[in-house]
file my_file.txt (compact mmCIF, C-alpha atoms)
# COMPACT_ATOMS: atom_id res chain seq x y z
CA MET A 1 14.42 31.58 29.09
CA LYS A 2 17.30 30.78 31.41
CA LEU A 3 15.23 30.23 34.52
CA SER A 4 15.29 26.51 35.30
CA THR A 5 12.70 24.78 37.46
CA ARG A 6 13.64 22.58 40.39
CA SER A 7 11.89 19.25 40.78
CA ARG A 8 10.11 20.31 43.97
CA ALA A 9 8.58 23.28 42.16
CA VAL A 10 7.69 21.81 38.78
CA ALA A 11 4.12 23.03 39.10
CA LEU A 12 2.60 25.64 41.35
CA SER A 13 -0.08 24.32 43.66
CA ALA A 14 -3.77 24.99 43.11
CA ALA A 15 -3.71 27.37 46.05
CA LEU A 16 -0.85 29.31 44.50
CA ALA A 17 -2.64 29.43 41.19
CA GLY A 18 -5.64 30.92 42.96
CA THR A 19 -3.44 33.49 44.66
CA LEU A 20 -1.88 34.47 41.36
CA SER A 21 -5.29 34.77 39.71
CA LEU A 22 -6.51 37.11 42.42
CA ALA A 23 -3.27 39.06 42.27
CA ALA A 24 -3.68 39.44 38.52
CA CYS A 25 -7.07 41.07 38.91
CA GLY A 26 -5.96 43.36 41.73
CA ALA A 27 -2.69 44.48 40.22
CA SER A 28 -4.25 45.00 36.80
CA ASN A 29 -6.87 47.30 38.29
CA GLU A 30 -4.21 49.20 40.22
CA THR A 31 -2.14 49.67 37.09
CA GLU A 32 -5.06 50.89 35.05
CA GLY A 33 -5.78 53.53 37.68
CA THR A 34 -2.22 54.68 38.12
CA SER A 35 -1.38 58.17 37.08
CA GLY A 36 1.24 58.56 34.39
CA GLY A 37 2.35 61.92 35.72
CA ASN A 38 5.86 60.67 36.50
CA GLY A 39 6.22 59.17 33.05
CA GLY A 40 6.12 55.50 34.07
CA GLY A 41 3.70 52.75 34.99
CA GLY A 42 0.72 54.57 33.58
CA GLY A 43 -0.42 51.97 31.03
CA SER A 44 -2.94 49.18 31.41
CA ALA A 45 -1.93 45.53 31.29
CA ALA A 46 -2.82 45.37 27.59
CA GLU A 47 -0.43 48.24 26.84
CA LEU A 48 2.65 46.67 28.45
CA SER A 49 4.88 44.75 26.07
CA GLY A 50 8.49 44.24 25.12
CA ASP A 51 11.23 42.62 27.18
CA LEU A 52 11.86 42.59 30.91
CA VAL A 53 15.27 41.17 31.72
CA GLY A 54 16.50 40.34 35.20
CA ALA A 55 19.59 38.51 36.39
CA GLY A 56 21.26 37.62 39.65
CA ALA A 57 20.77 35.68 42.85
CA SER A 58 20.09 31.97 42.46
CA SER A 59 18.71 31.97 46.01
CA GLN A 60 15.62 33.74 44.62
CA GLN A 61 15.04 31.07 41.99
CA ALA A 62 12.02 29.34 43.57
CA ALA A 63 10.49 32.69 44.52
CA MET A 64 11.16 34.01 41.03
CA GLU A 65 9.23 31.08 39.56
CA ALA A 66 6.18 32.24 41.50
CA TRP A 67 6.72 35.91 40.66
CA GLN A 68 7.19 35.03 37.00
CA ALA A 69 3.97 33.00 36.93
CA GLY A 70 2.01 35.81 38.55
CA PHE A 71 3.53 38.55 36.41
CA GLU A 72 3.06 36.69 33.14
CA GLY A 73 -0.55 36.04 34.10
CA GLU A 74 -1.08 39.78 34.44
CA TYR A 75 1.06 40.94 31.52
CA PRO A 76 1.17 38.20 28.87
CA ASP A 77 2.68 40.47 26.23
CA VAL A 78 5.82 41.17 28.27
CA GLN A 79 8.67 38.78 27.52
CA PHE A 80 10.11 38.16 30.98
CA SER A 81 13.38 36.38 31.70
CA TYR A 82 15.56 35.96 34.76
CA ASP A 83 19.05 34.47 34.67
CA PRO A 84 19.96 33.00 38.11
CA ALA A 85 23.68 33.46 37.39
CA GLY A 86 24.55 34.61 40.92
CA SER A 87 24.40 37.94 42.70
CA GLY A 88 27.72 39.25 41.41
CA ALA A 89 26.85 38.44 37.81
CA GLY A 90 23.43 40.02 38.24
CA ARG A 91 24.84 43.26 39.59
CA GLU A 92 27.36 43.32 36.74
CA GLN A 93 24.68 42.74 34.09
CA PHE A 94 22.51 45.50 35.54
CA ILE A 95 25.35 48.00 35.80
CA ASP A 96 26.50 47.44 32.21
CA GLY A 97 22.93 47.64 30.89
CA ARG A 98 22.35 44.01 29.89
CA ALA A 99 19.64 43.60 32.55
CA ASP A 100 16.80 45.91 33.54
CA PHE A 101 17.13 44.89 37.19
CA ALA A 102 19.33 42.70 39.35
CA GLY A 103 18.55 40.25 42.10
CA SER A 104 21.29 40.38 44.70
CA ASP A 105 21.89 38.74 48.08
CA ALA A 106 24.08 41.70 49.02
CA ALA A 107 23.58 45.42 48.69
CA LEU A 108 25.73 47.33 46.22
CA ASP A 109 29.13 48.25 47.55
CA GLU A 110 30.34 51.84 47.17
CA GLU A 111 32.09 51.25 43.85
CA GLU A 112 29.09 49.39 42.42
CA LEU A 113 26.71 52.06 43.69
CA THR A 114 28.65 54.77 41.86
CA ALA A 115 28.65 52.71 38.65
CA ALA A 116 24.93 51.97 39.00
CA GLN A 117 24.14 55.66 39.46
CA GLU A 118 26.03 56.39 36.24
CA ARG A 119 24.04 53.67 34.45
CA CYS A 120 20.69 55.11 35.57
CA ALA A 121 19.38 58.12 33.69
CA GLY A 122 18.57 60.21 36.75
CA GLY A 123 21.44 58.97 38.88
CA GLU A 124 19.21 57.36 41.52
CA VAL A 125 19.13 53.66 42.30
CA PHE A 126 16.57 51.63 44.21
CA GLU A 127 17.52 48.65 46.37
CA LEU A 128 14.41 46.90 47.67
CA PRO A 129 14.72 44.06 50.23
CA ASN A 130 12.08 41.88 48.58
CA TYR A 131 13.26 38.39 49.57
CA ILE A 132 14.17 37.42 53.13
CA SER A 133 15.40 33.93 53.92
CA PRO A 134 17.66 32.15 56.40
CA ILE A 135 20.92 30.70 55.17
CA ALA A 136 21.11 27.17 56.52
CA VAL A 137 24.26 25.27 57.40
CA ILE A 138 23.32 21.97 55.75
CA PHE A 139 25.19 18.68 55.90
CA ASN A 140 25.13 15.07 54.75
CA LEU A 141 25.74 12.82 57.73
CA GLU A 142 24.12 9.40 57.95
CA GLY A 143 21.85 9.05 60.96
CA VAL A 144 22.11 12.73 61.95
CA ASP A 145 19.32 15.12 60.94
CA SER A 146 20.17 18.12 63.13
CA LEU A 147 23.07 19.55 65.08
CA ASN A 148 23.70 22.46 67.43
CA LEU A 149 26.63 24.59 66.29
CA THR A 150 28.16 27.72 67.78
CA PRO A 151 29.66 30.44 65.55
CA ASP A 152 33.12 29.27 66.65
CA LEU A 153 32.38 25.69 65.56
CA ILE A 154 31.02 26.79 62.19
CA ALA A 155 34.09 28.95 61.59
CA ARG A 156 36.46 26.13 62.57
CA ILE A 157 34.65 23.70 60.27
CA PHE A 158 34.85 26.00 57.26
CA THR A 159 38.46 27.00 57.90
CA GLY A 160 39.44 23.32 58.10
CA GLN A 161 40.45 23.41 61.77
CA ILE A 162 37.85 20.71 62.58
CA THR A 163 38.12 17.80 60.17
CA THR A 164 35.87 15.00 61.50
CA TRP A 165 32.25 15.03 62.64
CA ASN A 166 33.00 13.29 65.94
CA ASP A 167 35.45 16.01 66.97
CA PRO A 168 35.20 16.56 70.75
CA ALA A 169 34.12 20.18 70.27
CA ILE A 170 31.13 19.16 68.13
CA ALA A 171 30.32 16.30 70.51
CA GLU A 172 30.30 18.68 73.49
CA ALA A 173 27.64 20.83 71.83
CA ASN A 174 25.63 17.75 70.86
CA PRO A 175 25.79 15.28 73.77
CA ASP A 176 22.81 13.24 72.54
CA ALA A 177 23.98 12.83 68.94
CA GLN A 178 25.63 9.68 67.63
CA LEU A 179 28.44 11.29 65.69
CA PRO A 180 30.43 9.13 63.24
CA ASP A 181 34.13 9.60 62.53
CA THR A 182 33.30 10.68 58.97
CA GLY A 183 35.61 13.29 57.53
CA ILE A 184 34.22 16.78 56.96
CA THR A 185 34.21 18.17 53.42
CA PRO A 186 33.42 21.90 53.48
CA VAL A 187 31.75 23.06 50.27
CA HIS A 188 31.67 26.71 49.26
CA ARG A 189 30.43 28.76 46.34
CA GLY A 190 32.89 29.06 43.48
CA ASP A 191 31.16 32.08 41.95
CA ASP A 192 30.78 35.61 43.27
CA SER A 193 27.84 35.07 45.58
CA GLY A 194 25.73 37.22 47.84
CA THR A 195 25.07 34.13 49.93
CA THR A 196 28.82 33.86 50.52
CA ASP A 197 28.96 37.57 51.37
CA ASN A 198 26.25 37.12 54.01
CA PHE A 199 27.75 33.92 55.41
CA THR A 200 31.26 35.34 55.71
CA ASP A 201 29.83 38.51 57.25
CA TYR A 202 28.18 36.36 59.92
CA LEU A 203 31.42 34.52 60.67
CA PHE A 204 33.48 37.72 60.69
CA GLN A 205 31.15 39.35 63.19
CA THR A 206 30.46 36.39 65.47
CA ALA A 207 33.71 34.37 65.41
CA PRO A 208 36.45 36.96 64.80
CA ASP A 209 39.14 34.99 66.64
CA VAL A 210 38.74 32.14 64.16
CA TRP A 211 37.40 33.80 61.03
CA THR A 212 39.73 36.68 60.21
CA SER A 213 38.84 37.23 56.54
CA GLU A 214 36.61 40.22 55.87
CA PRO A 215 33.19 39.61 54.31
CA ASP A 216 33.29 39.02 50.58
CA GLY A 217 31.15 37.50 47.87
CA VAL A 218 34.19 35.52 46.70
CA TRP A 219 35.24 32.69 49.02
CA PRO A 220 38.50 33.87 50.59
CA LEU A 221 40.18 30.62 51.68
CA PRO A 222 41.97 27.80 49.85
CA GLY A 223 40.87 24.19 50.21
CA GLY A 224 37.48 22.59 50.41
CA GLU A 225 35.20 21.90 47.46
CA ALA A 226 33.74 24.62 45.27
CA ALA A 227 30.63 24.69 43.11
CA ASN A 228 28.72 27.42 41.32
CA GLY A 229 25.24 28.48 42.32
CA THR A 230 22.98 27.30 45.10
CA SER A 231 22.07 24.16 43.15
CA GLY A 232 25.76 23.42 42.65
CA VAL A 233 26.78 23.43 46.31
CA VAL A 234 23.64 21.57 47.40
CA GLY A 235 24.28 18.94 44.74
CA VAL A 236 27.83 18.34 45.99
CA VAL A 237 26.60 17.91 49.56
CA GLU A 238 23.83 15.54 48.49
CA SER A 239 26.35 13.31 46.74
CA THR A 240 29.19 13.50 49.30
CA ALA A 241 29.06 11.80 52.70
CA GLY A 242 30.32 14.18 55.39
CA ALA A 243 29.96 17.30 53.23
CA VAL A 244 28.67 20.58 54.63
CA THR A 245 27.77 23.88 53.00
CA TYR A 246 25.76 27.07 53.44
CA ALA A 247 22.72 27.70 51.25
CA ASP A 248 19.27 29.21 51.19
CA ALA A 249 17.27 27.19 53.69
CA SER A 250 14.53 26.52 51.15
CA ARG A 251 16.99 24.29 49.30
CA ALA A 252 17.95 22.03 52.22
CA GLY A 253 15.58 19.24 51.19
CA ASP A 254 16.35 16.01 53.07
CA LEU A 255 19.80 17.12 54.22
CA GLY A 256 20.69 17.74 57.87
CA VAL A 257 20.27 21.28 59.14
CA ALA A 258 22.15 22.99 61.99
CA SER A 259 20.67 25.21 64.69
CA VAL A 260 23.03 28.05 65.62
CA ALA A 261 23.80 29.54 69.00
CA VAL A 262 22.08 32.85 69.71
CA GLY A 263 22.52 34.07 73.27
CA GLN A 264 21.64 31.15 75.55
CA GLU A 265 19.65 29.16 72.97
CA PHE A 266 20.10 27.37 69.67
CA VAL A 267 17.86 28.65 66.90
CA ALA A 268 16.91 26.69 63.79
CA PRO A 269 16.56 28.50 60.48
CA SER A 270 12.99 29.52 59.75
CA ALA A 271 11.18 32.25 57.89
CA GLU A 272 9.89 33.71 61.15
CA ALA A 273 13.34 33.80 62.79
CA ALA A 274 14.83 35.43 59.68
CA ALA A 275 12.12 38.08 59.57
CA ALA A 276 12.66 38.84 63.26
CA ILE A 277 16.30 39.83 62.84
CA VAL A 278 15.55 41.95 59.78
CA GLU A 279 12.91 43.88 61.74
CA ASN A 280 15.50 44.62 64.44
CA SER A 281 18.34 45.72 62.14
CA PRO A 282 19.08 49.33 61.13
CA PRO A 283 19.30 50.70 57.56
CA VAL A 284 22.66 51.29 55.90
CA GLU A 285 23.54 54.95 56.40
CA GLY A 286 24.28 57.41 53.62
CA ARG A 287 22.12 55.85 50.91
CA GLY A 288 19.70 57.51 48.53
CA GLU A 289 16.03 58.29 49.08
CA TYR A 290 14.87 55.02 47.52
CA ASP A 291 17.72 52.80 48.69
CA PHE A 292 16.59 50.59 51.57
CA ALA A 293 19.69 48.46 52.16
CA ILE A 294 19.80 46.94 55.66
CA GLU A 295 22.73 46.57 58.09
CA LEU A 296 21.98 43.17 59.57
CA ASN A 297 22.63 42.72 63.29
CA ARG A 298 24.51 39.41 63.16
CA GLN A 299 25.53 39.64 66.81
CA THR A 300 21.99 39.60 68.10
CA GLU A 301 21.15 37.74 71.29
CA GLY A 302 17.43 38.23 70.81
CA SER A 303 15.28 35.20 71.45
CA GLY A 304 13.96 33.61 68.30
CA GLU A 305 16.20 35.57 65.94
CA TYR A 306 18.29 33.67 63.38
CA PRO A 307 21.43 35.64 62.43
CA ILE A 308 22.62 33.79 59.30
CA VAL A 309 20.10 35.46 57.08
CA LEU A 310 20.18 36.87 53.62
CA VAL A 311 18.16 39.82 52.53
CA SER A 312 18.00 39.57 48.78
CA TYR A 313 17.42 42.82 46.96
CA HIS A 314 15.97 43.87 43.67
CA VAL A 315 18.19 46.60 42.29
CA GLY A 316 17.13 48.96 39.54
CA CYS A 317 16.91 52.53 38.31
CA VAL A 318 14.50 55.11 39.61
CA GLN A 319 14.71 56.64 36.13
CA TYR A 320 15.27 54.65 32.94
CA ASP A 321 16.17 55.88 29.47
CA ASP A 322 13.42 53.77 27.92
CA GLN A 323 9.70 54.18 28.70
CA ALA A 324 8.86 50.51 28.14
CA ALA A 325 11.62 49.38 30.49
CA ALA A 326 10.40 51.79 33.18
CA ASP A 327 6.80 50.61 32.81
CA ASN A 328 7.73 46.93 32.90
CA VAL A 329 10.06 47.25 35.90
CA LYS A 330 7.44 49.30 37.73
CA ALA A 331 4.73 46.71 37.07
CA PHE A 332 6.94 43.80 38.09
CA MET A 333 8.11 45.44 41.32
CA SER A 334 4.51 46.38 42.13
CA TYR A 335 3.55 42.72 41.93
CA VAL A 336 6.60 41.47 43.85
CA ILE A 337 6.03 43.71 46.88
CA SER A 338 2.27 43.19 46.98
CA GLU A 339 0.79 40.93 49.64
CA ASP A 340 -0.26 38.50 46.90
CA GLY A 341 3.19 38.49 45.32
CA GLN A 342 4.90 37.91 48.65
CA ALA A 343 2.42 35.14 49.53
CA ALA A 344 3.06 33.45 46.18
CA ALA A 345 6.82 33.50 46.76
CA ALA A 346 6.47 32.20 50.31
CA GLU A 347 4.24 29.37 49.07
CA ASN A 348 6.82 28.28 46.51
CA ALA A 349 10.09 29.09 48.27
CA GLY A 350 9.41 29.08 52.01
CA ASN A 351 10.91 32.54 52.50
CA ALA A 352 9.62 35.18 54.90
CA PRO A 353 7.19 37.73 53.43
CA ILE A 354 8.36 41.31 53.84
CA SER A 355 6.75 43.31 56.64
CA ASP A 356 4.22 46.07 56.13
CA THR A 357 6.95 48.57 57.01
CA LEU A 358 9.25 47.28 54.25
CA ARG A 359 6.33 47.18 51.82
CA GLU A 360 5.45 50.81 52.52
CA GLN A 361 9.07 51.84 52.01
CA ALA A 362 9.34 49.89 48.78
CA GLN A 363 6.12 51.40 47.48
CA THR A 364 7.62 54.88 47.57
CA ALA A 365 10.40 53.66 45.27
CA VAL A 366 8.02 51.83 42.93
CA ASP A 367 5.83 54.92 42.66
CA ALA A 368 8.88 56.96 41.69
CA ILE A 369 10.03 54.74 38.81
CA THR A 370 9.88 56.75 35.61
CA ALA A 371 11.58 57.36 32.27
CA GLY A 372 13.59 60.38 31.23
call {"tool": "encode", "arguments": {"input": "my_file.txt", "output": "structure tokens"}}
result
Amino acid sequence: MKLSTRSRAVALSAALAGTLSLAACGASNETEGTSGGNGGGGGSAAELSGDLVGAGASSQQAAMEAWQAGFEGEYPDVQFSYDPAGSGAGREQFIDGRADFAGSDAALDEEELTAAQERCAGGEVFELPNYISPIAVIFNLEGVDSLNLTPDLIARIFTGQITTWNDPAIAEANPDAQLPDTGITPVHRGDDSGTTDNFTDYLFQTAPDVWTSEPDGVWPLPGGEAANGTSGVVGVVESTAGAVTYADASRAGDLGVASVAVGQEFVAPSAEAAAAIVENSPPVEGRGEYDFAIELNRQTEGSGEYPIVLVSYHVGCVQYDDQAAADNVKAFMSYVISEDGQAAAAENAGNAPISDTLREQAQTAVDAITAG
């Protein structure tokens, strides 16, 4: 088992345990009554066994702990593992067949989509937006718990154009803050990261005069500090005075958190604000029937919408070569998208549960999972 457990989620709460218990009963009954006409997901809980291997986004780690607990409670004979190696590694492991599904903070690009279609028996891929969370700009600055930052300021900080926290431009946006002359240490992901892809997409869209590099999962600029995984960058910031990074908001802990300018207001990262922008963003055009990738509207000026958001996907095959793999993926995705599964993740990770609209879309893909 490669899934590590963070200190703040060593044990699920009693309320979560109750949720998982109820989910186990409900999902088990649903599975037992499911038709096997499509060749997948037709067995009862007792009939599911073998391995279920996932890999990918470390941002999902706390949510995955909850999903794993719920799933293993329902299907104890399935050997489940999830390697939080990063979105890029997860997509690679899925495409080359080492993982049954990937967790990814970015949708497949065109080249990856073609490769994934070749990996899948029927040529169809599902991308389900099952985890929605704000990406927080978090910092370690003594005496300062929150800051207001515009897209331009964030871009100038991460490109190294602003080097101290008491820079006049930061002070102008935060007239009531006591800003020290501490040097700024920008910290970025050193691995191929969907969080980086989302963060650089935000900067590219909202501060194009400053941030000229196109969105990418690999950090495009020299300088700064690099660390692998969400835990890696957060750890550097925790131990470095003046450091700043971007990470899943659920991992901010006691660090300072920035509110970002949206229209005429500054919006703090929250599950509700992240869900709001997802609801008001269009789907990516030209995708398959069961591919629900979203084109996030980073330039929103809508009140209460937080634009630095990641939509983390579960990526898999609509048709697998192996019946057991199809059954196990189908059962796991059924639990993840359920109201109980989403509530369990939100309890443990603080993310935004998917909407009823996204759940209904995802259900069509889950129902279609089969084996050839």
call {"tool": "atom_distance", "arguments": {"input": "my_file.txt", "atom1": "CA of Asp340 (chain A)", "atom2": "CA of Glu74 (chain A)"}}
result
12.6 Å
call {"tool": "residues_around", "arguments": {"input": "my_file.txt", "residues": "region 303-311 of chain A", "least_positions_apart": "4", "cutoff": "6 Å", "atoms": "only C-alpha atoms", "output": "PDB file with C-alpha atoms, in the coordinates of the input"}}
result
ATOM      1  CA  ASP A 105      21.890  38.740  48.080  1.00  0.00           C
ATOM      2  CA  PRO A 129      14.720  44.060  50.230  1.00  0.00           C
ATOM      3  CA  TYR A 131      13.260  38.390  49.570  1.00  0.00           C
ATOM      4  CA  ILE A 132      14.170  37.420  53.130  1.00  0.00           C
ATOM      5  CA  SER A 133      15.400  33.930  53.920  1.00  0.00           C
ATOM      6  CA  PRO A 134      17.660  32.150  56.400  1.00  0.00           C
ATOM      7  CA  ILE A 135      20.920  30.700  55.170  1.00  0.00           C
ATOM      8  CA  ALA A 273      13.340  33.800  62.790  1.00  0.00           C
ATOM      9  CA  ALA A 274      14.830  35.430  59.680  1.00  0.00           C
ATOM     10  CA  ALA A 276      12.660  38.840  63.260  1.00  0.00           C
ATOM     11  CA  ILE A 277      16.300  39.830  62.840  1.00  0.00           C
ATOM     12  CA  ARG A 298      24.510  39.410  63.160  1.00  0.00           C
TER      13      ARG A 298
END
call {"tool": "closest_residue", "arguments": {"input": "my_file.txt", "among": "A:Asn130, A:Gln319, A:Ser312, A:Gln205", "to": "Gln361 (chain A)", "atoms": "only C-alpha atoms"}}
result
A:Asn130
call {"tool": "closest_residue", "arguments": {"input": "my_file.txt", "among": "A:Ala349, A:Ala343, A:Ala325, A:Ala227", "to": "Gly253 (chain A)", "atoms": "all atoms listed in the file"}}
result
A:Ala349
call {"tool": "closest_residue", "arguments": {"input": "my_file.txt", "among": "A:Asp51, A:Glu279, A:Asp96, A:Asp197", "to": "Tyr82 (chain A)", "atoms": "all atoms listed in the file"}}
result
A:Asp51
call {"tool": "closest_atom_pairs", "arguments": {"input": "my_file.txt", "of": "region 50-156 of chain A", "to": "region 281-289 of chain A", "cutoff": "12 Å", "atoms": "all atoms listed in the file", "output": "tab-separated table"}}
result
residue	atom	partner	partner_atom	distance
A:Ala106	CA	A:Val284	CA	11.9
A:Ala107	CA	A:Val284	CA	9.3
A:Leu108	CA	A:Arg287	CA	10.4
A:Asp109	CA	A:Arg287	CA	10.9
A:Glu110	CA	A:Arg287	CA	9.9
A:Leu113	CA	A:Arg287	CA	9.4
A:Thr114	CA	A:Arg287	CA	11.2
A:Gln117	CA	A:Gly288	CA	10.3
A:Gly123	CA	A:Gly288	CA	9.9
A:Glu124	CA	A:Gly288	CA	7.0
A:Val125	CA	A:Gly288	CA	7.3
A:Phe126	CA	A:Gly288	CA	7.9
A:Glu127	CA	A:Gly288	CA	9.4
A:Leu128	CA	A:Glu289	CA	11.6
A:Pro129	CA	A:Pro283	CA	10.9
call {"tool": "closest_residue", "arguments": {"input": "my_file.txt", "among": "A:Thr196, A:Ala247, A:Gly122, A:Thr150", "to": "Val318 (chain A)", "atoms": "all atoms listed in the file"}}
result
A:Gly122
call {"tool": "residues_near_point", "arguments": {"input": "my_file.txt", "point": "(29.4, 37.9, 43.5)", "cutoff": "10 Å", "atoms": "only C-alpha atoms", "output": "count of residues only"}}
result
26
call {"tool": "residues_around", "arguments": {"input": "my_file.txt", "residues": "Gly54 (chain A)", "least_positions_apart": "4", "cutoff": "6 Å", "atoms": "only C-alpha atoms", "output": "list of chain:residue names"}}
result
A:Tyr82, A:Ala99, A:Asp100, A:Phe101, A:Ala102
call {"tool": "atom_distance", "arguments": {"input": "my_file.txt", "atom1": "CA of Val210 (chain A)", "atom2": "CA of Ala155 (chain A)"}}
result
6.2 Å
call {"tool": "residues_near_point", "arguments": {"input": "my_file.txt", "point": "(5.7, 34.4, 45.6)", "cutoff": "9 Å", "atoms": "only C-alpha atoms", "output": "NGL selection string"}}
result
:A and (16 or 20 or 62-70 or 336 or 340-349 or 351 or 353)
call {"tool": "closest_residue", "arguments": {"input": "my_file.txt", "among": "A:Ala275, A:Ala241, A:Val315, A:Leu255", "to": "Leu358 (chain A)", "atoms": "all atoms listed in the file"}}
result
A:Ala275
call {"tool": "closest_residue", "arguments": {"input": "my_file.txt", "among": "A:Val278, A:Cys120, A:Ile154, A:Ile95", "to": "Thr370 (chain A)", "atoms": "all atoms listed in the file"}}
result
A:Cys120
call {"tool": "residues_around", "arguments": {"input": "my_file.txt", "residues": "region 178-183 of chain A", "least_positions_apart": "4", "cutoff": "10 Å", "atoms": "only C-alpha atoms", "output": "ChimeraX atom specification"}}
result
/A:141-144,147,162-168,170-171,174,241-243
call {"tool": "atom_distance", "arguments": {"input": "my_file.txt", "atom1": "CA of Glu72 (chain A)", "atom2": "CA of Gly50 (chain A)"}}
result
12.3 Å
call {"tool": "decode", "arguments": {"input": "my_file.txt", "residues": "region 197-213 of chain A", "atoms": "N, CA and C atoms", "output": "mmCIF file, in the first residue's frame"}}
result
data_model
loop_
_atom_site.group_PDB
_atom_site.id
_atom_site.type_symbol
_atom_site.label_atom_id
_atom_site.label_comp_id
_atom_site.auth_asym_id
_atom_site.auth_seq_id
_atom_site.Cartn_x
_atom_site.Cartn_y
_atom_site.Cartn_z
ATOM 1 N N ASP A 197 -0.469 22.610 -13.511
ATOM 2 C CA ASP A 197 -1.179 22.888 -14.764
ATOM 3 C C ASP A 197 -2.326 23.859 -14.519
ATOM 4 N N ASN A 198 -3.110 23.619 -13.471
ATOM 5 C CA ASN A 198 -4.227 24.505 -13.146
ATOM 6 C C ASN A 198 -3.752 25.884 -12.708
ATOM 7 N N PHE A 199 -2.716 25.934 -11.904
ATOM 8 C CA PHE A 199 -2.209 27.214 -11.398
ATOM 9 C C PHE A 199 -1.630 28.059 -12.533
ATOM 10 N N THR A 200 -0.841 27.442 -13.404
ATOM 11 C CA THR A 200 -0.263 28.199 -14.517
ATOM 12 C C THR A 200 -1.330 28.600 -15.534
ATOM 13 N N ASP A 201 -2.379 27.793 -15.661
ATOM 14 C CA ASP A 201 -3.499 28.165 -16.528
ATOM 15 C C ASP A 201 -4.180 29.422 -15.993
ATOM 16 N N TYR A 202 -4.366 29.471 -14.677
ATOM 17 C CA TYR A 202 -4.957 30.659 -14.054
ATOM 18 C C TYR A 202 -4.099 31.891 -14.321
ATOM 19 N N LEU A 203 -2.800 31.793 -14.121
ATOM 20 C CA LEU A 203 -1.924 32.945 -14.332
ATOM 21 C C LEU A 203 -1.886 33.360 -15.796
ATOM 22 N N PHE A 204 -1.869 32.381 -16.696
ATOM 23 C CA PHE A 204 -1.809 32.673 -18.128
ATOM 24 C C PHE A 204 -3.059 33.404 -18.588
ATOM 25 N N GLN A 205 -4.193 33.029 -18.032
ATOM 26 C CA GLN A 205 -5.449 33.654 -18.443
ATOM 27 C C GLN A 205 -5.690 35.011 -17.783
ATOM 28 N N THR A 206 -5.249 35.177 -16.548
ATOM 29 C CA THR A 206 -5.617 36.370 -15.790
ATOM 30 C C THR A 206 -4.509 37.418 -15.683
ATOM 31 N N ALA A 207 -3.264 37.030 -15.927
ATOM 32 C CA ALA A 207 -2.148 37.987 -15.854
ATOM 33 C C ALA A 207 -1.224 37.800 -17.048
ATOM 34 N N PRO A 208 -1.755 37.884 -18.271
ATOM 35 C CA PRO A 208 -0.953 37.548 -19.450
ATOM 36 C C PRO A 208 0.206 38.506 -19.709
ATOM 37 N N ASP A 209 0.129 39.734 -19.211
ATOM 38 C CA ASP A 209 1.237 40.671 -19.413
ATOM 39 C C ASP A 209 2.456 40.301 -18.584
ATOM 40 N N VAL A 210 2.218 39.580 -17.497
ATOM 41 C CA VAL A 210 3.316 39.179 -16.606
ATOM 42 C C VAL A 210 3.675 37.713 -16.819
ATOM 43 N N TRP A 211 2.659 36.867 -16.853
ATOM 44 C CA TRP A 211 2.885 35.431 -17.000
ATOM 45 C C TRP A 211 2.696 35.056 -18.470
ATOM 46 N N THR A 212 3.781 34.838 -19.162
ATOM 47 C CA THR A 212 3.723 34.592 -20.605
ATOM 48 C C THR A 212 3.909 33.128 -20.976
ATOM 49 N N SER A 213 4.205 32.276 -20.004
ATOM 50 C CA SER A 213 4.377 30.842 -20.270
ATOM 51 C C SER A 213 3.014 30.163 -20.362
#
